[in-house]
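Trainee: The structure follows.
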Amino acid sequence: MVDNVVLLGGGGCCCCLFVVFVVLMLALGFKKVESSQWALQYDWWSESVKKDPLTQAGLHFVGIGNYLVTFPSTSKYCYFRNFDNSFQPDDDDVFMPPLSVRTSDGLKVTLELEFVYRLQMAKLYDLYMLVGDTGYRNTLVHVAAAAISAHATNFSAQAFYGDRGDVQGAFQAALAQELDRVLYITVVSFQLQPAHFPPKYAAAIVETQEMKQDIQVAEQENKTKVIQKQTELFSARQLAHQIIIKAEGEAQQTLVRNQADVAQFKYRQQVLAEGYSKALNFFSSSGQEKDACDVNFWCFRMEHPPSYVCIYIYTYGYGSIPINTFLAG
């Protein structure tokens with residue numbers, strides 16, 4: 001009976017060990033995919049990678065002995081910059097020193113830049129077969145540096161200084177095309193920092209910038225003077241216009257006054273002529289000789305009709321002075 005008990009105890013222990021082993025193997029067959037990761041399943045038994053990526057976060061059963069090859073699913077940075085020790089890039093970011101390139105006119109220029117990239121989920125298998133699970137970062141650096149250096153020769157040093165926006169756009173387009181073709185990587189954004197020139201060229205740029213500022217100041221002063229002169233010219237024209245209007249008004253007033261004086265003079269002469277005519281007719285009808293007498297004539301203007309009172313004084317020799325009065329209207 002003791003032997004049976006020992007056998008039963010040994011069998012129970014073996015069963016427990018087997019269960020533990022199976023549970024442990026099953027547990028080791030589960031692998032976790034983080035929310036910021038994509039993964040390819042590597043089959044240890046066949047030493048191959050499955051083409052379809054795992055994109056859902058959580059636990060996935062991949063089998064005993066198999067494991068996951070993970071890739072970042074979020075956007076990452078690639079820096080070609082000079083940073084102090086306080087800057088700490090993420091694990092999946094790429095941090096490299098600035099690039100030294102040549103411009104179209106042969107000047108050596110140091111460039112600082114950065115770009116945001118993202119892996120293409122549908123091309124993870126192709127990327128892994130090309131460079132492995134981590135080799136894409138080194139390849140990314142070489143491809144990016146080569147693309148930037150090659151396209152830098154299309155621009156002059158002046159373009160890097162004065163037309164940095166155009167240079168940045170050309171670099172981004174060339175880099176996006178090259179990384180998509182070679183590494184199946186998408187360039188999300190690109191930022192080109194101000195270029196670093198040799199000391200003599202940098203000093204010439206500073207001098208040129210100062211001259212440009214002087215020119216801008218002179219142009220602004222010229223615009224101010226032009227505005228002042230235009231204001232003075234406008235004021236002078238306004239004054240001349242006022243003088244012309246005043247002169248025309250005075251001339252019109254003089255013309256009206258002269259016309260009134262002429263009309264009044266003509267009217268007075270007409271009245272005088274009519275009075276002389278009546279006086280002559282009067283003397284003729286009375287039988288007196290015209291040559292032996294003098295006729296004195298006065299006219300007085302009245303405010304109401306008749307307009308004039310004309311008085312005729314007839315003098316004959318040293319005798320009496322007959323007076324006749326005519327009203328002229």
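Following the order of the structure tokens, chains are lettered A, B, ..., residues in each are numbered from 1, and ligands are numbered from 1.
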I need the residues of segment 77-170 of chain A that end up classed as strand (DSSP E or B) by DSSP on the backbone, written out as a list in words.
Mentor: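 Of segment 77-170 of chain A, only Tyr77, Cys78, Tyr79, Phe80, Val94, Phe95, Met96, Leu99, Ser100, Val101, Arg102, Lys108, Val109, Thr110, Leu111, Leu113, Glu114, Phe115, Val116, Tyr117, Arg118 and Leu119 of chain A fall in strand (DSSP E or B).
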Trainee: For the interface of segment 60-164 of chain A with segment 173-184 of chain A (cut-off 12 Å, counting only C-alpha atoms), please tabulate each contacting residue of segment 60-164 of chain A alongside its nearest pair of atoms and their separation in Å to one decimal, rows sorted by chain and increasing number, as a tab-separated table.
Mentor:
residue	atom	partner	partner_atom	distance
A:Glu114	CA	A:Leu175	CA	11.5
A:Phe115	CA	A:Leu175	CA	9.5
A:Val116	CA	A:Ala176	CA	10.5
A:Tyr117	CA	A:Ala176	CA	9.0
A:Arg118	CA	A:Tyr184	CA	9.1
A:Leu119	CA	A:Tyr184	CA	6.8
A:Gln120	CA	A:Tyr184	CA	6.1
A:Met121	CA	A:Tyr184	CA	9.2
A:Ala122	CA	A:Tyr184	CA	9.1
A:Lys123	CA	A:Tyr184	CA	6.3
A:Leu124	CA	A:Tyr184	CA	8.2
A:Tyr125	CA	A:Tyr184	CA	10.3
A:Asp126	CA	A:Tyr184	CA	8.2
A:Leu127	CA	A:Leu183	CA	6.3
A:Tyr128	CA	A:Leu183	CA	9.7
A:Met129	CA	A:Leu183	CA	10.8
A:Leu130	CA	A:Leu183	CA	8.1
A:Val131	CA	A:Leu183	CA	8.6
A:Gly132	CA	A:Leu183	CA	11.3
A:Gly135	CA	A:Leu183	CA	10.5
A:Tyr136	CA	A:Leu183	CA	7.3
A:Arg137	CA	A:Leu183	CA	9.8
A:Asn138	CA	A:Leu183	CA	11.1
A:Thr139	CA	A:Leu183	CA	8.0
A:Leu140	CA	A:Leu183	CA	7.4
A:Val141	CA	A:Leu179	CA	10.2
A:His142	CA	A:Leu179	CA	10.4
A:Val143	CA	A:Leu179	CA	7.0
A:Ala144	CA	A:Leu175	CA	6.3
A:Ala145	CA	A:Leu175	CA	9.1
A:Ala146	CA	A:Leu175	CA	9.2
A:Ala147	CA	A:Leu175	CA	6.0
A:Ile148	CA	A:Leu175	CA	7.1
A:Ser149	CA	A:Leu175	CA	10.6
A:Ala150	CA	A:Ala174	CA	9.5
A:His151	CA	A:Ala174	CA	7.6
A:Ala152	CA	A:Ala174	CA	10.6
A:Asn154	CA	A:Ala174	CA	11.8
Trainee: Nearest residue to Thr208 of chain A out of A:Tyr42, A:Tyr161, A:Phe234, A:Phe155, using only C-alpha atoms?
Mentor: A:Tyr161
